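Novice: Attaching a single structure in structure tokens format; questions to follow.
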Amino acid sequence: MRYYQTDNGVRYVNPNDITIENGYRIEVFAEGLDAPGSILFTNNGDMLITNSGYTSGNGAVLILKNGYFEVIADRFIMPLLGITYRNGLIYVAHKGHITTLDLDGNRQDIITGLPSYGDYSNCRVDFGMDGKMYFGVGTATNSGVVGTDNLWVTEYSFFCDRPGQPIILNGQNFSSDNILIANREEMVQTGAFKPFGETNSRYELVREVKKASGSILRANLDGSDIELVAWGLRCPAYLKFFYDQLYVSNNGYDVRGSRPIANAPDEFIQVVEGTWYGFPDFAGGEPVNSPRFAPDGGKEPELLLACHPSMPPRPLALFPPDSYIVGFDFNNDRSFAPIGTIYIAEFGSIQLRTIGGSVQMFPTSGYRVSKINPYNGSISTFAINKSGFPSFITGEGGFGRPVDVVFGQDGALYIVDMGISLRNNPNIIIPNTGVIWRVIKE
């Protein structure tokens, strides 16, 4: 059991409050961290972590030395959630950029100007057997239409989703308050794949771009020759190769905005080059005009595309809506688990509801580490708080917001827990409440 003081309160940490699969033990490796987002180990065994920037606005990369984490470099644009190591360089994915960094802190921007002004940023880099680096770019919007839920509109009013191949629209336009003027009583119409306040027409053609929304891109290691690999993902949160096969965690639609979509699963996808994965008209391989995707008291969403590039494949594994799956890793040690078993962090989400005049929080899914059978896509819980709820709700000493999992060179599984959220606002992480947990086979 451990206690430590932060500027905003105290987090109680106790691994005994976590239920873990039989035959394993979980312990605290490090605590008091400020919004850690990811972890990696260099070839010589150094541990590096990121400060995502969610509490301070300052993304940073840190290294463990003599029992303390020291900053190698900071002032990366938040969110900083992904780092990768290759040939002495750390590849840092931060908003709109990919930057290389050496262990002395020397840095170079090798890719800038990625279309990451919207709801979802670009994710970590990984390296294929073809010698290229691969990375994901998120969508601008929840489901293809810019609206009042997109808080970036006033600063980037020109921005919207762009496809990875030519598409033909059905021509719907969606009405919302005009948030670009001081008096918001005026209404405005916005079409799919258009900036806020611009409409489209039936059977309108929208041309493709290379740096498409919701895409997987690849480039040379110096950032040159960017190519489109696949598109139609909504929020590729994390990607990684297992030998020559690329996998990505993709977060599903929310019930918000001009085109709310309910009950959309999170998807764990085995990426096939040249494939369209369904954004903005499919969820989990199914069209979103099915009644199951209708919000409570609303109607099912209409399809935005008049014809689809292809039938999107069904993901390898489907997680419950709002699990918010993020970082994952593959087991390579037979003594730990079957080779290829996938361990994945579920960040989780919270719904706020007003009951009896007071706002109350209701956890939905996530807040655990799960594992995926790579052969059939079945999912099982590996580690979860005994209550089933996040620690900032119950006060127990287990998981707050798991965000990454990585196997160390010691054979242990390391879990990055970004921290605990404010009780009255689950979207705000309390500074210095991050934890790294360590799991070993008994």
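Please note that chains go A, B, ... in the order of the structure tokens, that every chain numbers its residues from 1, and that ligands are numbered from 1 in the order shown.
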For Ile269 in chain A, list every protein, DNA or RNA residue within 7 Å, evaluated using only C-alpha atoms, and leave out those in the same chain fewer than 4 positions away; present the list as number ranges by chain.
Specialist: A: 247-249, 315-316
Novice: Go ahead and write the selection's residues with N, CA, C and O atoms as a PDB file, in the first residue's frame.
Specialist:
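Below you can see selection17.pdb, which holds the result:
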ATOM      1  N   TYR A 247      -1.379  -4.337 -36.872  1.00  0.00           N
ATOM      2  CA  TYR A 247      -2.643  -4.305 -36.147  1.00  0.00           C
ATOM      3  C   TYR A 247      -2.883  -2.890 -35.626  1.00  0.00           C
ATOM      4  O   TYR A 247      -1.944  -2.138 -35.359  1.00  0.00           O
ATOM      5  N   VAL A 248      -4.157  -2.537 -35.446  1.00  0.00           N
ATOM      6  CA  VAL A 248      -4.500  -1.213 -34.955  1.00  0.00           C
ATOM      7  C   VAL A 248      -5.729  -1.302 -34.045  1.00  0.00           C
ATOM      8  O   VAL A 248      -6.642  -2.095 -34.288  1.00  0.00           O
ATOM      9  N   SER A 249      -5.712  -0.512 -32.962  1.00  0.00           N
ATOM     10  CA  SER A 249      -6.904  -0.352 -32.124  1.00  0.00           C
ATOM     11  C   SER A 249      -7.649   0.874 -32.619  1.00  0.00           C
ATOM     12  O   SER A 249      -7.068   1.956 -32.770  1.00  0.00           O
ATOM     13  N   PRO A 315     -13.742  -6.688 -38.077  1.00  0.00           N
ATOM     14  CA  PRO A 315     -12.506  -6.642 -37.288  1.00  0.00           C
ATOM     15  C   PRO A 315     -12.173  -7.988 -36.664  1.00  0.00           C
ATOM     16  O   PRO A 315     -13.039  -8.859 -36.499  1.00  0.00           O
ATOM     17  N   LEU A 316     -10.902  -8.143 -36.292  1.00  0.00           N
ATOM     18  CA  LEU A 316     -10.481  -9.368 -35.622  1.00  0.00           C
ATOM     19  C   LEU A 316     -11.206  -9.530 -34.287  1.00  0.00           C
ATOM     20  O   LEU A 316     -11.614 -10.633 -33.910  1.00  0.00           O
TER      21      LEU A 316
END
Novice: Return as a ChimeraX atom specification the full set of residues in range 21-107 of chain A whose backbone-based DSSP assignment is strand (DSSP E).
Specialist: /A:24-33,36-41,47-51,59-65,68-76,82-86,89-94,97-101,107
Novice: Just want the 8 Å neighbourhood of range 384-388 of chain A, counted on only C-alpha atoms, with same-chain residues fewer than 5 positions away dropped. Output as a ChimeraX atom specification.
Specialist: /A:17-20,367-369,394,398-399
Novice: Which residue out of A:Asn43, A:Glu267, A:Leu114, A:Gly105 has the minimum interatomic distance to Arg86 in chain A when only C-alpha atoms are used?
Specialist: A:Asn43
Novice: Which residues of range 290-368 of chain A sit at most 10 Å from range 190-214 of chain A, using only C-alpha atoms? Give each one's shortest atom pair and distance in Å (one decimal place), in chain and ascending residue order, as JSON lines.
Specialist:
{"residue": "A:Leu304", "atom": "CA", "partner": "A:Ala192", "partner_atom": "CA", "distance": 6.9}
{"residue": "A:Leu305", "atom": "CA", "partner": "A:Tyr203", "partner_atom": "CA", "distance": 8.7}
{"residue": "A:Ala306", "atom": "CA", "partner": "A:Tyr203", "partner_atom": "CA", "distance": 6.8}
{"residue": "A:Cys307", "atom": "CA", "partner": "A:Tyr203", "partner_atom": "CA", "distance": 9.4}
Novice: Mind checking which residues fall within 10 Å of Asp333 in chain A, counting only C-alpha atoms, ignoring those fewer than 6 positions away in the same chain, and posting them as an MDAnalysis selection string?
Specialist: chainID A and resid 339:341 407 411:412
Novice: Dump all heavy atoms for the selected residues as an mmCIF file, in the first residue's frame?
Specialist:
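Contents of part.cif, as written:
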data_model
loop_
_atom_site.group_PDB
_atom_site.id
_atom_site.type_symbol
_atom_site.label_atom_id
_atom_site.label_comp_id
_atom_site.auth_asym_id
_atom_site.auth_seq_id
_atom_site.Cartn_x
_atom_site.Cartn_y
_atom_site.Cartn_z
ATOM 1 N N ILE A 339 2.245 -17.920 -27.295
ATOM 2 C CA ILE A 339 2.877 -16.953 -28.186
ATOM 3 C C ILE A 339 1.813 -16.241 -29.022
ATOM 4 O O ILE A 339 0.886 -16.866 -29.552
ATOM 5 C CB ILE A 339 3.886 -17.651 -29.120
ATOM 6 C CG1 ILE A 339 5.022 -18.273 -28.300
ATOM 7 C CG2 ILE A 339 4.440 -16.685 -30.154
ATOM 8 C CD1 ILE A 339 5.885 -17.286 -27.583
ATOM 9 N N GLY A 340 1.959 -14.934 -29.120
ATOM 10 C CA GLY A 340 1.039 -14.146 -29.931
ATOM 11 C C GLY A 340 -0.173 -13.630 -29.191
ATOM 12 O O GLY A 340 -0.944 -12.835 -29.755
ATOM 13 N N THR A 341 -0.385 -14.048 -27.937
ATOM 14 C CA THR A 341 -1.498 -13.512 -27.166
ATOM 15 C C THR A 341 -1.363 -11.990 -27.080
ATOM 16 O O THR A 341 -0.289 -11.463 -26.812
ATOM 17 C CB THR A 341 -1.539 -14.118 -25.761
ATOM 18 O OG1 THR A 341 -1.681 -15.538 -25.863
ATOM 19 C CG2 THR A 341 -2.711 -13.563 -24.964
ATOM 20 N N PHE A 407 5.622 -5.402 -22.951
ATOM 21 C CA PHE A 407 6.477 -6.404 -22.320
ATOM 22 C C PHE A 407 7.894 -5.864 -22.196
ATOM 23 O O PHE A 407 8.448 -5.298 -23.146
ATOM 24 C CB PHE A 407 6.481 -7.695 -23.135
ATOM 25 C CG PHE A 407 5.267 -8.550 -22.902
ATOM 26 C CD1 PHE A 407 4.190 -8.485 -23.772
ATOM 27 C CD2 PHE A 407 5.190 -9.387 -21.804
ATOM 28 C CE1 PHE A 407 3.065 -9.264 -23.569
ATOM 29 C CE2 PHE A 407 4.063 -10.163 -21.584
ATOM 30 C CZ PHE A 407 2.997 -10.106 -22.464
ATOM 31 N N GLY A 411 10.708 -10.000 -19.126
ATOM 32 C CA GLY A 411 9.584 -10.909 -19.296
ATOM 33 C C GLY A 411 8.322 -10.474 -18.603
ATOM 34 O O GLY A 411 7.279 -11.132 -18.741
ATOM 35 N N ALA A 412 8.372 -9.374 -17.858
ATOM 36 C CA ALA A 412 7.186 -8.871 -17.172
ATOM 37 C C ALA A 412 6.366 -7.999 -18.110
ATOM 38 O O ALA A 412 6.873 -7.440 -19.092
ATOM 39 C CB ALA A 412 7.590 -8.082 -15.931
#
Novice: With distances taken over only C-alpha atoms, which of A:Gly32, A:Pro309, A:Gly298, A:Gly67 is nearest to Pro166 in chain A?
Specialist: A:Pro309
Novice: Tell me which of A:Tyr91, A:Tyr120, A:Tyr277, A:Tyr24 sits closest to Trp231 in chain A, counting only C-alpha atoms.
Specialist: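 Nearest candidate to Trp231 in chain A out of A:Tyr91, A:Tyr120, A:Tyr277, A:Tyr24: A:Tyr277.
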Novice: Kindly give the distance, in Å, that separates CA of Ala73 in chain A and CA of Asp404 in chain A, rounded to a single decimal.
Specialist: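 CA of Asp404 in chain A lies 20.5 Å from CA of Ala73 in chain A.
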Novice: Determine, counting only C-alpha atoms, which protein, DNA and RNA residues have an atom within 12 Å of an atom of Arg259 in chain A; residues of the same chain fewer than 2 positions away are not included. Present the result as number ranges by chain.
Specialist: A: 141-149, 172-176, 190-192, 253-257, 261-262, 280-281, 288-289, 293-295, 298-304
